[in-house]
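Trainee: Pasting run10.cif below, which is mmCIF, C-alpha atoms, pLDDT in the B column; chains and numbers go by the auth columns.
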data_input
#
loop_
_atom_site.group_PDB
_atom_site.id
_atom_site.type_symbol
_atom_site.label_atom_id
_atom_site.label_comp_id
_atom_site.label_asym_id
_atom_site.label_seq_id
_atom_site.Cartn_x
_atom_site.Cartn_y
_atom_site.Cartn_z
_atom_site.B_iso_or_equiv
_atom_site.auth_seq_id
_atom_site.auth_asym_id
ATOM 1 C CA MET A 1 -9.951 -5.616 -11.972 47.00 1 A
ATOM 2 C CA SER A 2 -7.362 -6.447 -14.590 78.00 2 A
ATOM 3 C CA PHE A 3 -3.697 -6.364 -13.638 78.00 3 A
ATOM 4 C CA LEU A 4 -2.806 -3.972 -16.472 87.00 4 A
ATOM 5 C CA ARG A 5 -5.648 -1.428 -16.236 90.00 5 A
ATOM 6 C CA SER A 6 -4.921 2.264 -15.865 93.00 6 A
ATOM 7 C CA ALA A 7 -4.468 3.861 -12.455 93.00 7 A
ATOM 8 C CA SER A 8 -7.751 5.703 -12.962 94.00 8 A
ATOM 9 C CA ALA A 9 -9.717 2.527 -13.685 94.00 9 A
ATOM 10 C CA LEU A 10 -8.043 0.676 -10.808 94.00 10 A
ATOM 11 C CA MET A 11 -8.644 3.527 -8.363 94.00 11 A
ATOM 12 C CA VAL A 12 -12.317 3.848 -9.339 94.00 12 A
ATOM 13 C CA GLN A 13 -12.852 0.109 -8.900 91.00 13 A
ATOM 14 C CA TYR A 14 -11.074 0.146 -5.526 90.00 14 A
ATOM 15 C CA ALA A 15 -13.050 3.220 -4.428 92.00 15 A
ATOM 16 C CA HIS A 16 -16.312 1.288 -4.795 89.00 16 A
ATOM 17 C CA TYR A 17 -15.222 -0.593 -1.641 88.00 17 A
ATOM 18 C CA HIS A 18 -13.916 2.508 0.154 88.00 18 A
ATOM 19 C CA ARG A 19 -16.351 5.436 0.412 90.00 19 A
ATOM 20 C CA ASP A 20 -16.729 5.666 4.200 91.00 20 A
ATOM 21 C CA ARG A 21 -14.167 8.179 5.522 94.00 21 A
ATOM 22 C CA ARG A 22 -13.614 6.035 8.625 94.00 22 A
ATOM 23 C CA ASN A 23 -12.615 3.141 6.383 93.00 23 A
ATOM 24 C CA ILE A 24 -10.326 5.397 4.373 94.00 24 A
ATOM 25 C CA ALA A 25 -8.777 6.671 7.626 96.00 25 A
ATOM 26 C CA THR A 26 -8.037 3.134 8.814 96.00 26 A
ATOM 27 C CA HIS A 27 -6.438 2.411 5.442 95.00 27 A
ATOM 28 C CA LEU A 28 -4.126 5.410 5.848 96.00 28 A
ATOM 29 C CA LEU A 29 -2.541 3.521 8.743 97.00 29 A
ATOM 30 C CA GLY A 30 -3.259 -0.129 7.939 96.00 30 A
ATOM 31 C CA VAL A 31 -2.081 -0.279 4.314 96.00 31 A
ATOM 32 C CA PRO A 32 1.362 1.286 4.932 97.00 32 A
ATOM 33 C CA LEU A 33 1.769 -0.891 8.017 97.00 33 A
ATOM 34 C CA ILE A 34 1.037 -4.016 5.966 96.00 34 A
ATOM 35 C CA PHE A 35 3.420 -2.985 3.170 96.00 35 A
ATOM 36 C CA MET A 36 6.170 -2.249 5.698 97.00 36 A
ATOM 37 C CA ALA A 37 5.465 -5.532 7.502 97.00 37 A
ATOM 38 C CA ILE A 38 5.863 -7.510 4.275 96.00 38 A
ATOM 39 C CA GLY A 39 9.083 -5.609 3.669 97.00 39 A
ATOM 40 C CA MET A 40 10.288 -6.524 7.135 97.00 40 A
ATOM 41 C CA VAL A 41 9.623 -10.212 6.528 97.00 41 A
ATOM 42 C CA LEU A 42 11.598 -9.913 3.277 97.00 42 A
ATOM 43 C CA THR A 43 14.642 -8.111 4.743 96.00 43 A
ATOM 44 C CA GLN A 44 16.443 -11.429 5.104 89.00 44 A
ATOM 45 C CA PRO A 45 18.411 -12.832 3.401 88.00 45 A
ATOM 46 C CA THR A 46 20.543 -10.148 1.792 88.00 46 A
ATOM 47 C CA TRP A 47 22.891 -10.377 -1.151 90.00 47 A
ATOM 48 C CA VAL A 48 25.901 -8.200 -1.831 90.00 48 A
ATOM 49 C CA TRP A 49 26.212 -7.279 -5.463 83.00 49 A
ATOM 50 C CA GLY A 50 28.764 -4.791 -6.760 87.00 50 A
ATOM 51 C CA GLY A 51 29.101 -3.116 -3.377 86.00 51 A
ATOM 52 C CA TRP A 52 25.328 -2.857 -2.939 87.00 52 A
ATOM 53 C CA THR A 53 23.357 -4.852 -0.411 86.00 53 A
ATOM 54 C CA LEU A 54 20.120 -6.168 -1.827 92.00 54 A
ATOM 55 C CA SER A 55 17.231 -7.854 -0.036 96.00 55 A
ATOM 56 C CA ALA A 56 14.039 -9.478 -1.241 96.00 56 A
ATOM 57 C CA ALA A 57 12.246 -6.435 0.233 97.00 57 A
ATOM 58 C CA TRP A 58 14.046 -4.099 -2.179 96.00 58 A
ATOM 59 C CA CYS A 59 13.304 -6.530 -5.039 95.00 59 A
ATOM 60 C CA MET A 60 9.598 -6.415 -4.114 96.00 60 A
ATOM 61 C CA TRP A 61 9.771 -2.614 -4.020 97.00 61 A
ATOM 62 C CA GLY A 62 11.399 -2.554 -7.464 97.00 62 A
ATOM 63 C CA LEU A 63 8.821 -4.833 -9.044 96.00 63 A
ATOM 64 C CA THR A 64 5.857 -3.043 -7.514 96.00 64 A
ATOM 65 C CA SER A 65 7.369 0.326 -8.441 98.00 65 A
ATOM 66 C CA LEU A 66 7.565 -0.715 -12.093 97.00 66 A
ATOM 67 C CA TRP A 67 3.875 -1.583 -11.923 96.00 67 A
ATOM 68 C CA TYR A 68 2.866 1.716 -10.260 97.00 68 A
ATOM 69 C CA LEU A 69 4.971 3.743 -12.697 97.00 69 A
ATOM 70 C CA THR A 70 3.334 2.108 -15.714 96.00 70 A
ATOM 71 C CA ARG A 71 -0.316 2.674 -14.736 94.00 71 A
ATOM 72 C CA GLY A 72 -0.463 5.971 -16.650 90.00 72 A
ATOM 73 C CA THR A 73 -0.676 8.574 -13.865 93.00 73 A
ATOM 74 C CA VAL A 74 2.875 9.856 -13.394 96.00 74 A
ATOM 75 C CA LEU A 75 2.410 11.812 -10.152 97.00 75 A
ATOM 76 C CA LEU A 76 0.541 8.961 -8.487 98.00 76 A
ATOM 77 C CA GLY A 77 3.070 6.382 -9.689 97.00 77 A
ATOM 78 C CA VAL A 78 6.091 8.388 -8.546 98.00 78 A
ATOM 79 C CA ALA A 79 4.521 9.309 -5.197 98.00 79 A
ATOM 80 C CA THR A 80 3.533 5.687 -4.491 98.00 80 A
ATOM 81 C CA THR A 81 7.026 4.523 -5.426 98.00 81 A
ATOM 82 C CA VAL A 82 8.641 7.069 -3.088 98.00 82 A
ATOM 83 C CA VAL A 83 6.305 6.309 -0.178 98.00 83 A
ATOM 84 C CA ASN A 84 6.783 2.558 -0.591 98.00 84 A
ATOM 85 C CA GLY A 85 10.557 3.062 -0.775 98.00 85 A
ATOM 86 C CA LEU A 86 10.444 4.929 2.530 98.00 86 A
ATOM 87 C CA LEU A 87 8.397 2.092 4.029 98.00 87 A
ATOM 88 C CA ILE A 88 10.961 -0.489 2.882 98.00 88 A
ATOM 89 C CA ALA A 89 13.778 1.643 4.298 97.00 89 A
ATOM 90 C CA CYS A 90 11.850 1.806 7.598 97.00 90 A
ATOM 91 C CA ALA A 91 11.378 -1.972 7.506 97.00 91 A
ATOM 92 C CA HIS A 92 15.139 -2.430 7.244 96.00 92 A
ATOM 93 C CA GLY A 93 15.627 0.114 10.024 96.00 93 A
ATOM 94 C CA LEU A 94 13.268 -1.770 12.335 97.00 94 A
ATOM 95 C CA VAL A 95 15.226 -5.019 12.083 95.00 95 A
ATOM 96 C CA PRO A 96 17.783 -4.001 14.751 95.00 96 A
ATOM 97 C CA LEU A 97 14.957 -2.834 17.035 96.00 97 A
ATOM 98 C CA ALA A 98 13.213 -6.166 16.612 96.00 98 A
ATOM 99 C CA ALA A 99 16.465 -7.971 17.405 96.00 99 A
ATOM 100 C CA ALA A 100 16.917 -5.843 20.532 96.00 100 A
ATOM 101 C CA ALA A 101 13.433 -6.961 21.594 96.00 101 A
ATOM 102 C CA GLY A 102 14.429 -10.594 21.035 96.00 102 A
ATOM 103 C CA LEU A 103 12.477 -11.001 17.793 95.00 103 A
ATOM 104 C CA LEU A 104 13.574 -12.121 14.369 95.00 104 A
ATOM 105 C CA ALA A 105 12.686 -9.774 11.518 95.00 105 A
ATOM 106 C CA TRP A 106 10.023 -12.142 10.192 96.00 106 A
ATOM 107 C CA GLN A 107 8.394 -12.409 13.643 97.00 107 A
ATOM 108 C CA ALA A 108 8.170 -8.645 14.072 97.00 108 A
ATOM 109 C CA GLY A 109 6.976 -8.301 10.482 97.00 109 A
ATOM 110 C CA LEU A 110 4.277 -10.901 11.016 97.00 110 A
ATOM 111 C CA ALA A 111 3.078 -9.101 14.158 97.00 111 A
ATOM 112 C CA LEU A 112 2.881 -5.776 12.285 97.00 112 A
ATOM 113 C CA PHE A 113 1.119 -7.526 9.393 96.00 113 A
ATOM 114 C CA VAL A 114 -1.585 -8.871 11.713 97.00 114 A
ATOM 115 C CA ILE A 115 -2.015 -5.479 13.386 97.00 115 A
ATOM 116 C CA GLY A 116 -2.311 -3.806 9.966 96.00 116 A
ATOM 117 C CA TRP A 117 -5.022 -6.235 8.869 93.00 117 A
ATOM 118 C CA ILE A 118 -6.952 -5.810 12.101 95.00 118 A
ATOM 119 C CA ILE A 119 -6.974 -2.065 11.436 96.00 119 A
ATOM 120 C CA GLN A 120 -8.145 -2.746 7.871 91.00 120 A
ATOM 121 C CA PHE A 121 -10.989 -4.997 8.957 91.00 121 A
ATOM 122 C CA VAL A 122 -12.188 -2.415 11.485 95.00 122 A
ATOM 123 C CA GLY A 123 -12.463 0.024 8.588 89.00 123 A
ATOM 124 C CA HIS A 124 -14.387 -2.458 6.484 85.00 124 A
ATOM 125 C CA TYR A 125 -16.739 -3.021 9.399 91.00 125 A
ATOM 126 C CA PHE A 126 -17.582 0.710 9.220 89.00 126 A
ATOM 127 C CA GLU A 127 -17.875 0.485 5.430 81.00 127 A
ATOM 128 C CA GLY A 128 -20.107 -2.568 5.571 84.00 128 A
ATOM 129 C CA LYS A 129 -18.289 -4.072 2.590 83.00 129 A
ATOM 130 C CA LYS A 130 -15.647 -6.721 2.136 79.00 130 A
ATOM 131 C CA PRO A 131 -12.102 -5.718 1.137 75.00 131 A
ATOM 132 C CA ALA A 132 -11.561 -5.128 -2.591 75.00 132 A
ATOM 133 C CA PHE A 133 -9.046 -7.973 -2.875 75.00 133 A
ATOM 134 C CA ALA A 134 -11.818 -10.444 -1.993 70.00 134 A
ATOM 135 C CA ASP A 135 -13.169 -9.933 -5.517 74.00 135 A
ATOM 136 C CA ASP A 136 -9.855 -9.308 -7.274 73.00 136 A
ATOM 137 C CA ILE A 137 -6.382 -10.009 -5.941 75.00 137 A
ATOM 138 C CA VAL A 138 -5.050 -6.920 -7.784 85.00 138 A
ATOM 139 C CA GLY A 139 -6.684 -4.931 -4.986 82.00 139 A
ATOM 140 C CA LEU A 140 -3.677 -5.845 -2.836 87.00 140 A
ATOM 141 C CA LEU A 141 -1.467 -3.816 -5.187 93.00 141 A
ATOM 142 C CA VAL A 142 -3.993 -1.005 -5.554 94.00 142 A
ATOM 143 C CA GLY A 143 -4.242 -0.409 -1.779 94.00 143 A
ATOM 144 C CA PRO A 144 -0.921 1.466 -1.426 96.00 144 A
ATOM 145 C CA MET A 145 -1.680 3.501 -4.552 96.00 145 A
ATOM 146 C CA PHE A 146 -5.152 4.334 -3.228 96.00 146 A
ATOM 147 C CA VAL A 147 -3.789 5.546 0.111 97.00 147 A
ATOM 148 C CA VAL A 148 -1.184 7.745 -1.571 98.00 148 A
ATOM 149 C CA GLY A 149 -3.855 8.985 -3.986 97.00 149 A
ATOM 150 C CA GLU A 150 -6.180 9.895 -1.111 96.00 150 A
ATOM 151 C CA VAL A 151 -3.445 12.006 0.479 97.00 151 A
ATOM 152 C CA LEU A 152 -2.600 13.694 -2.830 98.00 152 A
ATOM 153 C CA MET A 153 -6.286 14.413 -3.495 97.00 153 A
ATOM 154 C CA ALA A 154 -6.667 15.862 0.022 96.00 154 A
ATOM 155 C CA LEU A 155 -3.795 18.197 -0.877 97.00 155 A
ATOM 156 C CA GLY A 156 -5.730 19.381 -3.931 97.00 156 A
ATOM 157 C CA LEU A 157 -3.797 17.311 -6.469 98.00 157 A
ATOM 158 C CA LEU A 158 -5.107 14.667 -8.907 97.00 158 A
ATOM 159 C CA THR A 159 -8.332 16.643 -9.373 96.00 159 A
ATOM 160 C CA SER A 160 -9.423 14.779 -12.503 96.00 160 A
ATOM 161 C CA LEU A 161 -8.884 11.440 -10.762 95.00 161 A
ATOM 162 C CA ARG A 162 -10.914 12.586 -7.748 95.00 162 A
ATOM 163 C CA MET A 163 -13.733 13.714 -10.043 95.00 163 A
ATOM 164 C CA ALA A 164 -13.677 10.374 -11.896 95.00 164 A
ATOM 165 C CA ILE A 165 -13.850 8.474 -8.601 94.00 165 A
ATOM 166 C CA GLU A 166 -16.725 10.592 -7.291 95.00 166 A
ATOM 167 C CA ARG A 167 -18.601 10.390 -10.584 96.00 167 A
ATOM 168 C CA GLN A 168 -18.331 6.594 -10.810 94.00 168 A
ATOM 169 C CA ALA A 169 -18.087 5.416 -7.185 90.00 169 A
ATOM 170 C CA GLY A 170 -19.747 8.347 -5.433 87.00 170 A
ATOM 171 C CA PRO A 171 -18.351 10.821 -2.925 88.00 171 A
ATOM 172 C CA SER A 172 -16.902 9.690 0.363 89.00 172 A
ATOM 173 C CA HIS A 173 -19.168 10.087 3.391 89.00 173 A
#
Represent the structure of the file as structure tokens.
Mentor:
Amino acid sequence: MSFLRSASALMVQYAHYHRDRRNIATHLLGVPLIFMAIGMVLTQPTWVWGGWTLSAAWCMWGLTSLWYLTRGTVLLGVATTVVNGLLIACAHGLVPLAAAAGLLAWQAGLALFVIGWIIQFVGHYFEGKKPAFADDIVGLLVGPMFVVGEVLMALGLLTSLRMAIERQAGPSH
């Protein structure tokens, strides 16, 4: 998987590791949890710039959003950007809850990260295949896009992408 391939090529490659619906279902929970957990770890420190408060989490969101928006599938890029933005906002919102529980943001984020990966590995047990990132680190970026794409395809959108995935990676089962 090349870093600069199209969303279609990246999604097809990722789909080769994700055809079992149980695996896909675990990813619908695990991938967003992992993204939010990373965001939570990156909520501190913050910088105030021109009246805006900026964290490393929002910087990560901005950089990943640029990548998603330049993969050539506008709806998928915008939807992934919006979903990931909501996850980063949730990560910031969870910081006070973590503090109330006596945890630092990074501790709560690390716990959520581990839980997210456990969920992921359960799915890959069902699939009988290793995670996509084991063969190409870009799979870590493709995961959130794949999850958003799966939801959009379930809603009847991205039909040509779904057909390309099923033609090249096979239908889910």
Trainee: For the atom pair atom CA of A:Trp47 and atom CA of A:Leu103, what is the interatomic distance in Å to one decimal place?
Mentor: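 Straight-line distance from atom CA of A:Trp47 to atom CA of A:Leu103 works out to 21.6 Å.
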Trainee: Can you tell me which residues surround A:Ala134 at a distance of at most 12 Å, considering all atoms listed in the file, apart from same-chain residues fewer than 5 positions away, and format the answer as a ChimeraX atom specification?
Mentor: /A:1,14,17,124,129,139-140
Trainee: Around (-4.5, -2.8, 11.7), as given in the file, which residues come within 10 Å? Count only C-alpha atoms and list them as a list in words.
Mentor: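 Residues lying no farther than 10 Å from the given point: Thr26, His27, Leu29, Gly30, Val31, Pro32, Leu33, Ile34, Leu112, Phe113, Val114, Ile115, Gly116, Trp117, Ile118, Ile119, Gln120, Phe121, Val122 and Gly123 of chain A.
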Trainee: Would you save the residues of that selection, restricted to C-alpha atoms, as a short mmCIF file (atom, residue, chain, number, x, y, z; two decimals), in the coordinates of the input?
Mentor:
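Result file part_31.cif:
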data_model
loop_
_atom_site.label_atom_id
_atom_site.label_comp_id
_atom_site.auth_asym_id
_atom_site.auth_seq_id
_atom_site.Cartn_x
_atom_site.Cartn_y
_atom_site.Cartn_z
CA THR A 26 -8.04 3.13 8.81
CA HIS A 27 -6.44 2.41 5.44
CA LEU A 29 -2.54 3.52 8.74
CA GLY A 30 -3.26 -0.13 7.94
CA VAL A 31 -2.08 -0.28 4.31
CA PRO A 32 1.36 1.29 4.93
CA LEU A 33 1.77 -0.89 8.02
CA ILE A 34 1.04 -4.02 5.97
CA LEU A 112 2.88 -5.78 12.28
CA PHE A 113 1.12 -7.53 9.39
CA VAL A 114 -1.58 -8.87 11.71
CA ILE A 115 -2.02 -5.48 13.39
CA GLY A 116 -2.31 -3.81 9.97
CA TRP A 117 -5.02 -6.24 8.87
CA ILE A 118 -6.95 -5.81 12.10
CA ILE A 119 -6.97 -2.06 11.44
CA GLN A 120 -8.14 -2.75 7.87
CA PHE A 121 -10.99 -5.00 8.96
CA VAL A 122 -12.19 -2.42 11.48
CA GLY A 123 -12.46 0.02 8.59
#
Trainee: For the PyMOL selection byres ((chain A and resi 150) around 12), applied here, can you spell out every residue it catches as a ChimeraX atom specification?
Mentor: /A:11-12,14-15,18-19,21,23-25,27-28,76,79-80,142-149,151-159,161-162,165,172
Trainee: What box, with edges along x, y and z, holds each listed atom of stretch 63-75 of chain A when 5 Å is added on every side, and can you state its centre and edge lengths in Å to one decimal, as JSON?
Mentor:
{"center_x": 4.1, "center_y": 3.5, "center_z": -12.1, "size_x": 19.5, "size_y": 26.6, "size_z": 19.1}
Trainee: Any idea what the distance is between atom CA of A:Leu110 and atom CA of A:Arg71?
Mentor: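 That distance, rounded to one decimal, is 29.5 Å.
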Trainee: Name the closest residue to A:Pro45 among the candidates A:Ala169, A:Ser8, A:Trp106, A:Leu86; distances are taken between atoms, counting all atoms listed in the file.
Mentor: A:Trp106
Trainee: For A:Val41, which residue out of A:Ser65, A:Thr81, A:Ser160, A:Ser55 is the nearest one, using only C-alpha atoms?
Mentor: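 Using only C-alpha atoms, the shortest distance to A:Val41 belongs to A:Ser55.
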Trainee: Selected by the PyMOL selection byres ((chain A and resi 94) around 12) in the shown coordinates: which residues, as a short mmCIF file (atom, residue, chain, number, x, y, z; two decimals) with C-alpha atoms, in the coordinates of the input?
Mentor:
data_model
loop_
_atom_site.label_atom_id
_atom_site.label_comp_id
_atom_site.auth_asym_id
_atom_site.auth_seq_id
_atom_site.Cartn_x
_atom_site.Cartn_y
_atom_site.Cartn_z
CA MET A 36 6.17 -2.25 5.70
CA ALA A 37 5.46 -5.53 7.50
CA GLY A 39 9.08 -5.61 3.67
CA MET A 40 10.29 -6.52 7.14
CA VAL A 41 9.62 -10.21 6.53
CA THR A 43 14.64 -8.11 4.74
CA LEU A 87 8.40 2.09 4.03
CA ILE A 88 10.96 -0.49 2.88
CA ALA A 89 13.78 1.64 4.30
CA CYS A 90 11.85 1.81 7.60
CA ALA A 91 11.38 -1.97 7.51
CA HIS A 92 15.14 -2.43 7.24
CA GLY A 93 15.63 0.11 10.02
CA VAL A 95 15.23 -5.02 12.08
CA PRO A 96 17.78 -4.00 14.75
CA LEU A 97 14.96 -2.83 17.04
CA ALA A 98 13.21 -6.17 16.61
CA ALA A 99 16.46 -7.97 17.40
CA ALA A 100 16.92 -5.84 20.53
CA ALA A 101 13.43 -6.96 21.59
CA LEU A 103 12.48 -11.00 17.79
CA LEU A 104 13.57 -12.12 14.37
CA ALA A 105 12.69 -9.77 11.52
CA TRP A 106 10.02 -12.14 10.19
CA GLN A 107 8.39 -12.41 13.64
CA ALA A 108 8.17 -8.64 14.07
CA GLY A 109 6.98 -8.30 10.48
CA LEU A 112 2.88 -5.78 12.28
#
Trainee: Closest to A:Gly128 among A:Arg22, A:Arg5, A:Ala164, A:Leu10, using all atoms listed in the file?
Mentor: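 Of A:Arg22, A:Arg5, A:Ala164, A:Leu10, the one nearest A:Gly128 is A:Arg22, counting all atoms listed in the file.
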Trainee: Out of A:Leu4, A:Ala132, A:Leu66, A:Ala56, which residue has the shortest atom-to-atom distance to A:Val82 when counting only C-alpha atoms?
Mentor: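 The shortest atom-to-atom distance to A:Val82 comes from A:Leu66.
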Trainee: When you draw a straight line from atom CA of A:Gln44 to atom CA of A:Cys59, how long is it in Å?
Mentor: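 Between atom CA of A:Gln44 and atom CA of A:Cys59 the gap works out to 11.7 Å.
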Trainee: Return the single residue from A:Ala111, A:Ala9, A:Leu69, A:Ile137 that is closest to A:Gln168, with distances computed using all atoms listed in the file.
Mentor: A:Ala9
Trainee: Under the rule that all atoms listed in the file are counted, which of A:Trp61, A:Phe35, A:Phe3, A:Tyr125 is the nearest residue to A:Gly85?
Mentor: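 Of all the options, A:Trp61 lies closest to A:Gly85.
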Trainee: Missing atoms in stretch 19-31 of chain A should be modelled up to N, CA and C atoms and reported as a compact mmCIF listing (two decimals), in the frame of the given file.
Mentor:
# COMPACT_ATOMS: atom_id res chain seq x y z
N ARG A 19 -15.73 4.11 0.46
CA ARG A 19 -16.35 5.44 0.41
C ARG A 19 -16.57 6.02 1.80
N ASP A 20 -16.56 5.19 2.83
CA ASP A 20 -16.73 5.67 4.20
C ASP A 20 -15.40 6.26 4.67
N ARG A 21 -15.41 7.51 5.11
CA ARG A 21 -14.17 8.18 5.52
C ARG A 21 -13.47 7.47 6.68
N ARG A 22 -14.24 6.79 7.53
CA ARG A 22 -13.61 6.04 8.62
C ARG A 22 -12.81 4.86 8.06
N ASN A 23 -13.33 4.23 7.04
CA ASN A 23 -12.62 3.14 6.38
C ASN A 23 -11.36 3.67 5.71
N ILE A 24 -11.49 4.79 5.02
CA ILE A 24 -10.33 5.40 4.37
C ILE A 24 -9.27 5.75 5.43
N ALA A 25 -9.72 6.31 6.56
CA ALA A 25 -8.78 6.67 7.63
C ALA A 25 -8.03 5.45 8.15
N THR A 26 -8.73 4.33 8.33
CA THR A 26 -8.04 3.13 8.81
C THR A 26 -7.04 2.64 7.78
N HIS A 27 -7.35 2.83 6.49
CA HIS A 27 -6.44 2.41 5.44
C HIS A 27 -5.18 3.28 5.41
N LEU A 28 -5.30 4.53 5.82
CA LEU A 28 -4.13 5.41 5.85
C LEU A 28 -3.07 4.90 6.82
N LEU A 29 -3.47 4.13 7.81
CA LEU A 29 -2.54 3.52 8.74
C LEU A 29 -2.29 2.05 8.40
N GLY A 30 -3.37 1.32 8.14
CA GLY A 30 -3.26 -0.13 7.94
C GLY A 30 -2.49 -0.54 6.70
N VAL A 31 -2.75 0.11 5.57
CA VAL A 31 -2.08 -0.28 4.31
C VAL A 31 -0.57 -0.05 4.39
